[in-house]
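A.B. asks: Handing you a structure now.
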Amino acid sequence: MAVLELEGDVATAAPVGRQRRVGVLFIGSVAWIAVIGLAAIFAGWLPIQSPTDMDLLAKRAPLFSPGHILGTDHLGRDELSRLIYGGRVSLLVGLLAPVIGVIIGGCLGMVAGYFRGRLETFAVGGVDVLLAFPPLVFVLAVTAFMGQSVANITIVIGVLGIPAFTRVARAVTLTLSEREFVTAARALGATHSRILIRELLPNVALPLLAFFLLAVAVTIVVEGALSFLGLGVPPPTASWGSMIGEGRENLDIAPWLAFLPAGFMFLTVLAFNVIGDTLRALTDPRPGAL
Amino acid sequence: MSALLSVRNLVVEYAIGGKTLSAVADVSLEVGKGETLGLVGESGCGKSTLGRAVLQLRRPTAGKVVFDGTELTGLDAEKMRLMRRRLQLIFQDPIASLNPRRCIGDIVAEPLIITGITDKAERDRRVREVLTAVGLDADLVTGRLPHEFSGGQCQRICIARALILEPELVICDEPVSALDVSIRAQILNLLEDMKRRYGLTLLFIAHDLAVVKAVSDRIAVMYLGKLCEVGPTEKLFAQPAHPYTALLLEAIPVPDPSVKPAANVPIGEPPSPIDPPSGCRFRTRCPRADAVCAEVVPPLEEIADGQFAACHHPLSAR
Amino acid sequence: MSAPLLSVEGITVDLPTPRGPLRAVDGVDLTLAPGSTLGIVGESGCGKTMLSRAVLQLLPKRAKLGGRILFAGRDLVTLPAEELRRLRGPELAVVFQDPMTSLNPVLTIGTQIVETLQAHLGMDTAAATRRGVELLAAVGIPAPEQRLRQYPHQLSGGMRQRVAIAIALSCEPKLLIADEPTTALDVTVQAQILDLLAREQQRRHMALILITHDLGVVAGRTDEVAVMYAGRVVERAPTPRLFTRMRMPYTEALLAAIPKLDSPPHTPLPAIAGRPPDQTRPLKGCSFEPRCRYADERCRAAKPPLADPERLGGLFACWHPL
Amino acid sequence: MTKFVGRRLVYLLPVLLAVTLLTFLVASLLPGDLATTILGDQATPEKVAALRAQMGLDLPIWQRYGIWLWDVLHGDLGRSFRTGETVWAAVTARLPVSLELMVSGVVLALVIAIPLAILCAVKSGTALDRFFTGLAFGKLSLPNYMVAILLIYLFAVELNWLPATGWVPFHEDPLANLKSFILPAVTIAFAEWPVLMRVLRSDMIATLQEDYIAMAKAKGLRPARILLVHALKPSSLTLVTVAGINIGRLIGGALIVETIFALPGIGRLLVGAIYARDFIILQGVVLFVAIGFVMVNFIVDMLYAVLDPRIRHGRA
């Protein structure tokens, strides 16, 4: 009673004011992702050159060269075209890999957080094992075994994301399960599956979605890192990471070859981070730790 | 009056860090059909655990819970699930007991869906009916989310949800202690109205003796997992038999400056239920305790007509 | 009557909310003589906690404060931070509602007492520790030497609140503000803590502001009571007078809504209909008007001032006093 | 307390076992036969079979795992078939590099993050806070391979102040060692500080709203004491967790940084082992890294108990 008066009133009010403050950055982020996304989808129809055609006479053409607005790389391939096709890979992997994490990790975390007991110990233990295991070994083993392809990269990164999603889902479910509305549902005779789906899922979904967007950002970075190391999508397919890696070799003569893809990736990752963070702030001020 | 609910030798234990905590230690009580039994005690005395154990939300370690002739502790999960429509629960925190992401119409209709009433029109009709009964305007309420309502209104919604299946027994677990004085009176009056209208039997759990008195026919006083005293409300207030009941009554601040604050307040605080005192559990704070109290657990015995106390030195026998 | 120790003049507190500013405290005046006890009573959201936080200068950062708070002749609102810091402890102290949250969970009881003594009285650790033991003993804590080494979670609720009181009393303050000091405690412990506060207050001739939602708590233990509703003091009178001859319909209704120990079971309670107004949308007239059974046009048109038109020593804000 | 330590240790053991088992499974998934790899493509099937039998490769996987585990428990981690180097020697040779990188990077990150976090928490909502949180947020979107390239471009290519790649052992030339470590350590610190700062800042803001901070102010304590004693300690639990996880990860070597700056650390040893199908080294290094990770987590748990007496007394 009278516990922190006023706080209640403030908390019950819908967060109307917060959206406006975040406005410009948020809209800019959405716009950037829309542009990159559309370009990636319709890359085949755009009036650009092929990303793999080499123009060996025009190697490392500078910016704004005729025919190559953003220049060419060390093999004379059109930089703009490679950026767009590279975005395709980044976005594809970035959006699909976390889906694996969110589905498996989300289910695992919710079930662990709701049923507790041995199931939870098992899930938490599994997460700890996966975290203690050097992720790179896993990536290398899988790509070595199944081959370097976009699908395999996606699966590997997706699986590596499961622990994080499990943790978030479990933390949120754990606090929610102690709330009385869950006990109320049990007292009404609701089945476990009904409680999980009707009572818990709507509350877990938003924090998970916010985390999903942050995971997209992380995935793009990780995919880039793999490609940068030459472990990602095999050449000659363009990827931002591999472009940065190739650009590094020419840092002294053509620094833009590294900085252009780096800039594209930075903006994209930043945009996903902004959207995810905005969503997180709007749904839950303090979700489970990453 | 026949007993609708009968609790026999109920024990509920928790395991805490390798130790056992008996939150409810051998409690027996009966609630007659149409009766309101008030269950009072300080925090940690096990009153809420008892309420949840009756509903099998927390499975008892030992003892029986018989509801209308059916032994609930022996039921399997599915049978118990079907039994739940006859027993309902109202919580202390009305806002936390409503799912923040579902609209009120859905929340109140949920029991009907769980019971398998598939006719949408029928569900809507019953939701309207029960919302109107608890004093809410169904048209304004059903489409909105819980955070748009105050604590008192949320408690009305919770009551509506509990009553929509027309249960026989409702366990109210501190239903008004999160509410302000002015709202508290509204909800207490509403519960009394609903009891009459739906012919309910209530187990009313609270820490506030005055609140319990306002609604109960009989009162049971709990201390550290055990019952101290059970008796008809008026009698228990006029002539408490157990020293704990007496001290509890004296400790309540009365809103009247001419009544001086009690001189003999119970000393100290309740001991930990992990390691309760031997014999009578209240003896460490009791002014009348002697050697017997430390040795022998006092049984709950009839002191006067309908009034039971678990004390070696009951007050009315002075 | 001696010069007031505390004099609050026209305090307003505005809190920003998404729906616009919320006037939590709306023009409150109070005076308190040294050594006297004032009870502030009201339901949640009435502004009693914000008022106390304003006096303590502990308002949330985004809150806007208006008015003057004169404490022993100095205006706390404009006082420089360093001077305010030196005032807190030796002159002005507070006990919060929940000792579980008001004591630092990661520091020992000893640290939390000793640091206060060291900050203000310049004691060395040994002397401060000795004094800490005395203080804990004075507030009725058994085995105080051992308690000094313990952490708050190792103590029961009542013991924790005794520790909080010992800390508040450590530098002999002239004014103690107790904000719902017993709400988080059981009724048998509540009585003990209230007795302790009363005893220490008398012994130290300290002024006390006792904030509570429970009229029962203030009835036997205060000299004067102020009843708050929707950010304003609506009635203020010497305690016996308030309970015997209340003038404000809200006070009457609040008292009537409390279940009585002496009325038989199943007596319908005279509840106050409706709920407190939305303080982001202040009413033009009396805030209690929508729930008041005596209300008429005049109540809707203008706010009644807090006044004592009958010169009987009790102030009330009502056009139609009882 | 001892009970608490014991309980954690009992939990860690199965985790360690599971990690090694997982390594074994993953490693056995790697294509190519070890015996064939050693003997080359021209070897006769008989020779290969003989070697397989000699190496125990024809045994079922769980048996091989058991034998390996038995050896490990007896201190024998094995020897690379390729270089003849023992796992122990290979790891201890690379470890100083990875450790130096990790410690300098993380310490630098903490030195940046903690004061900034406190400052931003105290001034939360002001332009100063928005500037630094914005900066941290932007940095979060900048992968460390980009940072590394930027740093190399600026300090090695353009300014030519520091070497772009390479590593000099400390005992050979301390100054050159320091120089070779500045850019990699700064890269690591750059990657870590925004995470650490954001975590501490948000916890600190929450703590500053606690009643006990209001109480500390009401007691008239000095602001420095309130911040550093009353607020920082209870706010640092998440910081310790996150720092712990990241340190645990870095024990496995900051692979990207090691690659870009050509530092001979654990990460590159691991990659090399995978490429060469050097199963024994891989096993050993993974075990080593996992133990390191688990140990760091264990230390984090212990730190929790030190920081928060409630956990110490088993009331988590």
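If you're wondering about the labels, chains in the structure tokens are A, B, ... by order shown, residues count from 1 in each chain, ligands from 1 in order shown.
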Would you kindly return, as an MDAnalysis selection string, each protein, DNA or RNA residue with an atom no farther than 12 Å from any atom of B:Leu136, considering only C-alpha atoms and excluding same-chain residues fewer than 4 positions away?
C.D. replies: (chainID B and resid 104:105 127:132 140:142 149 152:160 190) or (chainID C and resid 274)
A.B. asks: May I ask you to extract the residues of chain A within 8 Å of chain D, using only C-alpha atoms, and to give them as a ChimeraX atom specification?
C.D. replies: /A:125-126,128-130,132-134,137-138,140-142,144-145,217,221,225,229,244,248,251-252,255,262,266-267,269-270,273,289
A.B. asks: What does the file look like for those residues with N, CA, C and O atoms, as a short mmCIF file (atom, residue, chain, number, x, y, z; two decimals), in the first residue's frame?
C.D. replies:
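This went into again-v5.cif:
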data_model
loop_
_atom_site.label_atom_id
_atom_site.label_comp_id
_atom_site.auth_asym_id
_atom_site.auth_seq_id
_atom_site.Cartn_x
_atom_site.Cartn_y
_atom_site.Cartn_z
N GLY A 125 22.71 -25.68 -18.48
CA GLY A 125 23.96 -26.39 -18.65
C GLY A 125 24.35 -26.45 -20.12
O GLY A 125 25.50 -26.18 -20.48
N GLY A 126 23.37 -26.76 -20.98
CA GLY A 126 23.63 -26.82 -22.41
C GLY A 126 24.13 -25.49 -22.95
O GLY A 126 25.07 -25.43 -23.74
N ASP A 128 25.66 -23.21 -21.21
CA ASP A 128 27.02 -23.00 -20.70
C ASP A 128 28.04 -23.77 -21.53
O ASP A 128 29.13 -23.27 -21.81
N VAL A 129 27.69 -24.99 -21.91
CA VAL A 129 28.60 -25.80 -22.72
C VAL A 129 28.85 -25.10 -24.06
O VAL A 129 29.98 -24.93 -24.49
N LEU A 130 27.75 -24.66 -24.68
CA LEU A 130 27.89 -24.02 -25.98
C LEU A 130 28.72 -22.74 -25.88
O LEU A 130 29.47 -22.40 -26.79
N ALA A 132 31.06 -22.15 -23.62
CA ALA A 132 32.45 -22.46 -23.30
C ALA A 132 33.19 -23.00 -24.52
O ALA A 132 34.40 -22.96 -24.59
N PHE A 133 32.45 -23.50 -25.48
CA PHE A 133 33.05 -24.09 -26.67
C PHE A 133 33.50 -22.98 -27.60
O PHE A 133 32.71 -22.08 -27.92
N PRO A 134 34.75 -22.99 -28.03
CA PRO A 134 35.20 -21.91 -28.92
C PRO A 134 34.36 -21.89 -30.20
O PRO A 134 34.33 -22.89 -30.93
N VAL A 137 35.87 -22.89 -33.71
CA VAL A 137 36.10 -24.30 -33.99
C VAL A 137 34.85 -24.90 -34.62
O VAL A 137 34.90 -25.65 -35.59
N PHE A 138 33.74 -24.50 -34.05
CA PHE A 138 32.46 -24.98 -34.54
C PHE A 138 32.24 -24.54 -35.99
O PHE A 138 31.93 -25.36 -36.86
N LEU A 140 34.44 -23.55 -38.20
CA LEU A 140 35.40 -24.17 -39.11
C LEU A 140 35.05 -25.62 -39.37
O LEU A 140 35.09 -26.10 -40.50
N ALA A 141 34.69 -26.33 -38.29
CA ALA A 141 34.37 -27.74 -38.45
C ALA A 141 33.19 -27.91 -39.39
O ALA A 141 33.23 -28.74 -40.31
N VAL A 142 32.16 -27.12 -39.18
CA VAL A 142 30.96 -27.29 -40.01
C VAL A 142 31.24 -26.90 -41.45
O VAL A 142 30.87 -27.63 -42.39
N ALA A 144 34.06 -26.83 -42.95
CA ALA A 144 34.98 -27.80 -43.55
C ALA A 144 34.24 -29.08 -43.93
O ALA A 144 34.52 -29.70 -44.94
N PHE A 145 33.27 -29.44 -43.10
CA PHE A 145 32.55 -30.68 -43.32
C PHE A 145 31.48 -30.54 -44.40
O PHE A 145 31.37 -31.35 -45.30
N ALA A 217 22.01 -7.37 -36.21
CA ALA A 217 23.20 -6.53 -36.30
C ALA A 217 24.46 -7.34 -36.00
O ALA A 217 25.45 -7.28 -36.74
N VAL A 221 27.78 -8.53 -38.48
CA VAL A 221 29.18 -8.34 -38.11
C VAL A 221 29.94 -9.67 -38.15
O VAL A 221 31.05 -9.76 -38.69
N ALA A 225 33.00 -10.91 -40.35
CA ALA A 225 34.27 -11.37 -39.79
C ALA A 225 34.70 -12.67 -40.45
O ALA A 225 35.87 -12.84 -40.82
N LEU A 229 37.96 -13.25 -42.86
CA LEU A 229 39.00 -14.25 -42.64
C LEU A 229 39.06 -15.25 -43.78
O LEU A 229 39.88 -16.16 -43.77
N ILE A 244 36.08 -5.98 -47.33
CA ILE A 244 36.95 -5.28 -46.39
C ILE A 244 38.30 -6.00 -46.33
O ILE A 244 39.37 -5.38 -46.35
N ARG A 248 41.86 -4.44 -47.37
CA ARG A 248 42.96 -4.27 -46.43
C ARG A 248 44.32 -4.41 -47.11
O ARG A 248 45.28 -3.73 -46.76
N LEU A 251 45.39 -1.07 -48.61
CA LEU A 251 45.12 0.08 -47.75
C LEU A 251 45.98 1.29 -48.11
O LEU A 251 45.55 2.43 -48.05
N ASP A 252 47.22 1.00 -48.51
CA ASP A 252 48.12 2.12 -48.77
C ASP A 252 47.83 2.83 -50.08
O ASP A 252 48.02 4.03 -50.19
N PRO A 255 42.65 3.17 -50.17
CA PRO A 255 41.99 2.93 -48.88
C PRO A 255 40.46 2.84 -48.99
O PRO A 255 39.85 2.17 -48.19
N ALA A 262 33.13 -1.06 -45.44
CA ALA A 262 33.08 -0.89 -43.99
C ALA A 262 32.00 0.11 -43.62
O ALA A 262 31.21 -0.11 -42.70
N PHE A 266 28.76 -0.62 -41.46
CA PHE A 266 28.56 0.15 -40.24
C PHE A 266 27.16 0.76 -40.19
O PHE A 266 26.45 0.63 -39.21
N LEU A 267 26.77 1.37 -41.31
CA LEU A 267 25.45 2.02 -41.32
C LEU A 267 24.34 1.00 -41.15
O LEU A 267 23.36 1.24 -40.43
N VAL A 269 24.50 -2.03 -39.72
CA VAL A 269 24.50 -2.56 -38.36
C VAL A 269 23.95 -1.52 -37.40
O VAL A 269 23.13 -1.81 -36.54
N LEU A 270 24.38 -0.27 -37.59
CA LEU A 270 23.89 0.80 -36.73
C LEU A 270 22.37 0.92 -36.84
O LEU A 270 21.67 1.05 -35.83
N ASN A 273 20.74 -1.82 -34.96
CA ASN A 273 20.91 -1.55 -33.54
C ASN A 273 19.93 -0.48 -33.06
O ASN A 273 19.32 -0.62 -32.00
N ALA A 289 20.24 -10.12 -19.30
CA ALA A 289 21.55 -9.78 -19.81
C ALA A 289 21.88 -10.59 -21.05
O ALA A 289 21.38 -11.69 -21.22
#
A.B. asks: How would you write, as JSON, numbers by chain, the set of residues in stretch 175-289 of chain B that DSSP gives as alpha helix (DSSP H)?
C.D. replies: {"B": [181, 182, 183, 184, 185, 186, 187, 188, 189, 190, 191, 192, 193, 194, 195, 196, 197, 198, 209, 210, 211, 212, 213, 214, 215, 233, 234, 235, 236, 237, 238, 243, 244, 245, 246, 247, 248, 249, 250, 251]}
A.B. asks: Which parts of stretch 60-293 of chain B does DSSP call strand (DSSP E) when run on the backbone here, written out as an MDAnalysis selection string?
C.D. replies: chainID B and resid 62:67 70:71 87:90 169:173 201:206 218:223 226:232
A.B. asks: Take the residues from that selection and put them in a file with C-alpha atoms, as a PDB file, in the first residue's frame.
C.D. replies:
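Now in part-v1.pdb:
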ATOM      1  CA  ALA B  62       0.791 -34.535   3.703  1.00  0.00           C
ATOM      2  CA  GLY B  63      -2.820 -34.313   4.749  1.00  0.00           C
ATOM      3  CA  LYS B  64      -6.102 -34.122   2.913  1.00  0.00           C
ATOM      4  CA  VAL B  65      -8.163 -31.467   1.243  1.00  0.00           C
ATOM      5  CA  VAL B  66     -11.743 -32.592   0.751  1.00  0.00           C
ATOM      6  CA  PHE B  67     -13.957 -30.403  -1.372  1.00  0.00           C
ATOM      7  CA  THR B  70     -13.885 -35.178  -3.329  1.00  0.00           C
ATOM      8  CA  GLU B  71     -10.365 -35.667  -2.094  1.00  0.00           C
ATOM      9  CA  LEU B  87     -12.826 -23.320  -6.893  1.00  0.00           C
ATOM     10  CA  GLN B  88     -11.470 -19.881  -7.626  1.00  0.00           C
ATOM     11  CA  LEU B  89      -8.769 -17.570  -6.375  1.00  0.00           C
ATOM     12  CA  ILE B  90      -8.475 -13.785  -6.020  1.00  0.00           C
ATOM     13  CA  LEU B 169     -15.641 -21.708  -3.268  1.00  0.00           C
ATOM     14  CA  VAL B 170     -13.555 -18.558  -3.721  1.00  0.00           C
ATOM     15  CA  ILE B 171     -10.273 -18.127  -1.909  1.00  0.00           C
ATOM     16  CA  CYS B 172      -9.477 -14.452  -1.466  1.00  0.00           C
ATOM     17  CA  ASP B 173      -5.759 -14.034  -0.752  1.00  0.00           C
ATOM     18  CA  THR B 201     -18.405 -19.807   0.122  1.00  0.00           C
ATOM     19  CA  LEU B 202     -15.335 -17.720   0.925  1.00  0.00           C
ATOM     20  CA  LEU B 203     -11.983 -18.407   2.464  1.00  0.00           C
ATOM     21  CA  PHE B 204     -10.839 -14.866   3.175  1.00  0.00           C
ATOM     22  CA  ILE B 205      -7.111 -14.581   3.874  1.00  0.00           C
ATOM     23  CA  ALA B 206      -5.757 -11.295   5.282  1.00  0.00           C
ATOM     24  CA  ARG B 218     -15.808 -17.365  11.606  1.00  0.00           C
ATOM     25  CA  ILE B 219     -12.144 -16.556  11.996  1.00  0.00           C
ATOM     26  CA  ALA B 220      -9.067 -18.742  12.150  1.00  0.00           C
ATOM     27  CA  VAL B 221      -5.831 -17.246  13.498  1.00  0.00           C
ATOM     28  CA  MET B 222      -2.541 -18.661  12.226  1.00  0.00           C
ATOM     29  CA  TYR B 223       0.939 -18.316  13.667  1.00  0.00           C
ATOM     30  CA  LYS B 226      -0.165 -23.573  12.930  1.00  0.00           C
ATOM     31  CA  LEU B 227      -3.664 -22.580  13.914  1.00  0.00           C
ATOM     32  CA  CYS B 228      -3.859 -20.771  17.257  1.00  0.00           C
ATOM     33  CA  GLU B 229      -7.515 -20.159  17.480  1.00  0.00           C
ATOM     34  CA  VAL B 230     -10.706 -20.711  15.516  1.00  0.00           C
ATOM     35  CA  GLY B 231     -14.041 -19.289  16.480  1.00  0.00           C
ATOM     36  CA  PRO B 232     -17.128 -17.312  15.551  1.00  0.00           C
TER      37      PRO B 232
END
A.B. asks: State, in Å with one decimal place, the distance from atom CA of A:Leu257 to atom CA of A:Ile48.
C.D. replies: 18.0 Å
A.B. asks: Set the distance at 12 Å and use only C-alpha atoms: which residues neighbour C:Thr101 once local chain neighbours fewer than 6 positions away are removed? I'd like the list as a list in words.
C.D. replies: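 Residues meeting the cut-off are Val3 and Leu4 of chain A; Val95, Pro152, His153, Gly157, Arg160, Gln161, Ala164 and Ala184 of chain C; Thr207, Gln209, Glu210, Asp211, Tyr212, Ile213, Ala214, Met215 and Ala216 of chain D.
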A.B. asks: Can you write just those residues out, all heavy atoms, as a short mmCIF file (atom, residue, chain, number, x, y, z; two decimals), in the first residue's frame?
C.D. replies:
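Final file, result14.cif:
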data_model
loop_
_atom_site.label_atom_id
_atom_site.label_comp_id
_atom_site.auth_asym_id
_atom_site.auth_seq_id
_atom_site.Cartn_x
_atom_site.Cartn_y
_atom_site.Cartn_z
N VAL A 3 2.91 2.16 -1.74
CA VAL A 3 4.30 1.91 -2.12
C VAL A 3 4.64 2.85 -3.25
O VAL A 3 4.04 2.78 -4.32
CB VAL A 3 4.47 0.45 -2.59
CG1 VAL A 3 5.95 0.15 -2.78
CG2 VAL A 3 3.87 -0.49 -1.60
N LEU A 4 5.58 3.72 -3.00
CA LEU A 4 6.02 4.66 -4.02
C LEU A 4 4.85 5.27 -4.76
O LEU A 4 4.61 4.96 -5.92
CB LEU A 4 6.93 3.96 -5.03
CG LEU A 4 8.34 3.69 -4.58
CD1 LEU A 4 9.10 3.01 -5.66
CD2 LEU A 4 9.02 4.98 -4.17
N VAL C 95 13.46 8.34 7.99
CA VAL C 95 13.28 6.88 8.02
C VAL C 95 12.30 6.54 6.91
O VAL C 95 11.21 7.10 6.85
CB VAL C 95 12.73 6.41 9.38
CG1 VAL C 95 12.44 4.92 9.34
CG2 VAL C 95 13.70 6.74 10.49
N PRO C 152 22.17 -6.23 6.07
CA PRO C 152 20.73 -6.04 6.29
C PRO C 152 19.90 -7.31 6.09
O PRO C 152 18.97 -7.55 6.85
CB PRO C 152 20.36 -4.97 5.26
CG PRO C 152 21.60 -4.20 5.06
CD PRO C 152 22.73 -5.17 5.23
N HIS C 153 20.24 -8.13 5.09
CA HIS C 153 19.36 -9.27 4.81
C HIS C 153 19.41 -10.33 5.91
O HIS C 153 18.60 -11.23 5.94
CB HIS C 153 19.72 -9.90 3.46
CG HIS C 153 21.03 -10.62 3.47
ND1 HIS C 153 22.21 -10.01 3.14
CD2 HIS C 153 21.35 -11.88 3.80
CE1 HIS C 153 23.20 -10.86 3.27
NE2 HIS C 153 22.71 -12.02 3.67
N GLY C 157 12.62 -7.95 9.43
CA GLY C 157 12.09 -6.65 9.00
C GLY C 157 12.08 -5.62 10.11
O GLY C 157 12.51 -4.47 9.92
N ARG C 160 15.60 -4.51 10.98
CA ARG C 160 16.11 -3.61 9.95
C ARG C 160 15.59 -2.19 10.16
O ARG C 160 16.33 -1.22 10.04
CB ARG C 160 15.70 -4.10 8.57
CG ARG C 160 16.52 -5.25 8.07
CD ARG C 160 16.34 -5.40 6.56
NE ARG C 160 15.07 -6.01 6.21
CZ ARG C 160 14.91 -7.31 5.98
NH1 ARG C 160 15.93 -8.12 6.06
NH2 ARG C 160 13.73 -7.79 5.66
N GLN C 161 14.29 -2.09 10.48
CA GLN C 161 13.74 -0.76 10.67
C GLN C 161 14.34 -0.12 11.91
O GLN C 161 14.58 1.08 11.94
CB GLN C 161 12.21 -0.82 10.74
CG GLN C 161 11.51 0.51 10.54
CD GLN C 161 11.80 1.17 9.20
OE1 GLN C 161 12.96 1.48 8.88
NE2 GLN C 161 10.78 1.37 8.39
N ALA C 164 17.57 1.29 10.79
CA ALA C 164 17.35 2.53 10.04
C ALA C 164 17.07 3.68 10.99
O ALA C 164 17.55 4.81 10.78
CB ALA C 164 16.19 2.35 9.06
N ALA C 184 5.53 -1.55 5.88
CA ALA C 184 6.06 -2.82 5.39
C ALA C 184 6.14 -3.85 6.51
O ALA C 184 6.60 -4.96 6.28
CB ALA C 184 7.45 -2.59 4.79
N THR D 207 20.47 1.86 -9.81
CA THR D 207 20.87 1.91 -8.40
C THR D 207 20.65 3.29 -7.81
O THR D 207 20.20 3.42 -6.67
CB THR D 207 22.36 1.53 -8.27
OG1 THR D 207 22.56 0.27 -8.87
CG2 THR D 207 22.78 1.46 -6.81
N GLN D 209 18.46 5.24 -8.23
CA GLN D 209 17.06 5.49 -7.87
C GLN D 209 16.62 4.69 -6.65
O GLN D 209 15.49 4.81 -6.21
CB GLN D 209 16.15 5.15 -9.06
CG GLN D 209 16.21 6.22 -10.13
CD GLN D 209 15.69 5.75 -11.46
OE1 GLN D 209 15.37 4.58 -11.63
NE2 GLN D 209 15.62 6.65 -12.40
N GLU D 210 17.53 3.89 -6.13
CA GLU D 210 17.16 3.06 -4.98
C GLU D 210 16.98 3.92 -3.74
O GLU D 210 17.59 4.98 -3.60
CB GLU D 210 18.26 2.02 -4.71
CG GLU D 210 18.38 0.95 -5.76
CD GLU D 210 17.32 -0.13 -5.61
OE1 GLU D 210 16.63 -0.14 -4.56
OE2 GLU D 210 17.18 -0.95 -6.52
N ASP D 211 16.18 3.40 -2.81
CA ASP D 211 15.96 4.09 -1.55
C ASP D 211 17.25 4.25 -0.77
O ASP D 211 17.44 5.25 -0.08
CB ASP D 211 14.97 3.29 -0.70
CG ASP D 211 13.55 3.74 -0.95
OD1 ASP D 211 13.36 4.68 -1.74
OD2 ASP D 211 12.63 3.16 -0.36
N TYR D 212 18.15 3.25 -0.86
CA TYR D 212 19.33 3.38 -0.01
C TYR D 212 20.26 4.48 -0.48
O TYR D 212 21.08 4.96 0.29
CB TYR D 212 20.06 2.04 0.17
CG TYR D 212 20.48 1.31 -1.07
CD1 TYR D 212 21.62 1.67 -1.76
CD2 TYR D 212 19.76 0.21 -1.53
CE1 TYR D 212 22.03 0.97 -2.87
CE2 TYR D 212 20.16 -0.50 -2.64
CZ TYR D 212 21.30 -0.12 -3.31
OH TYR D 212 21.70 -0.80 -4.41
N ILE D 213 20.15 4.87 -1.73
CA ILE D 213 20.92 6.02 -2.19
C ILE D 213 20.29 7.30 -1.65
O ILE D 213 20.99 8.21 -1.18
CB ILE D 213 20.99 6.05 -3.74
CG1 ILE D 213 21.72 4.81 -4.26
CG2 ILE D 213 21.68 7.32 -4.22
CD1 ILE D 213 23.15 4.67 -3.79
N ALA D 214 18.95 7.37 -1.67
CA ALA D 214 18.27 8.51 -1.05
C ALA D 214 18.65 8.58 0.42
O ALA D 214 18.90 9.66 0.97
CB ALA D 214 16.76 8.35 -1.21
N MET D 215 18.71 7.41 1.06
CA MET D 215 19.08 7.34 2.47
C MET D 215 20.51 7.85 2.66
O MET D 215 20.78 8.62 3.58
CB MET D 215 18.97 5.88 2.92
CG MET D 215 19.29 5.64 4.36
SD MET D 215 17.90 6.08 5.41
CE MET D 215 18.50 5.47 6.97
N ALA D 216 21.41 7.44 1.78
CA ALA D 216 22.80 7.88 1.90
C ALA D 216 22.90 9.39 1.73
O ALA D 216 23.65 10.06 2.44
CB ALA D 216 23.66 7.17 0.85
#
A.B. asks: Please check the contacts: residues of chain C at most 9 Å away from chain A, using only C-alpha atoms, listed as a list in words.
C.D. replies: Pro16, Thr17, Pro18, Arg19, Ala24, Glu43, Ser44, Gly45, Cys46, Gly47, Lys48, Thr49, Met50, Gln97, Asp98, Glu180, Thr183, Ala184, Thr212 and His213 of chain C
A.B. asks: As a CSV table (one decimal) with C-alpha atoms, in the first residue's frame, please: the residues near C:Thr239 (cut-off 6 Å, only C-alpha atoms, same-chain neighbours under 3 positions excluded).
C.D. replies:
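In the end it all went to selection_29.csv:
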chain,number,residue,atom,x,y,z
C,223,ASP,CA,0.1,16.5,18.2
C,224,GLU,CA,-1.4,17.7,14.9
C,225,VAL,CA,-2.6,16.0,11.8
C,242,LEU,CA,-9.5,16.4,14.1
A.B. asks: Rank nothing, just name the residue among C:Thr182, C:Ser287, C:Thr78, C:Thr111 nearest to C:Arg147, using only C-alpha atoms.
C.D. replies: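 Result for the nearest residue to C:Arg147: C:Thr111.
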A.B. asks: So, with only C-alpha atoms as the atoms that count, which of C:Glu91, C:Glu235, C:Asp262, C:Glu145 lies closest to C:Ile177?
C.D. replies: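 Closest candidate: C:Glu91.
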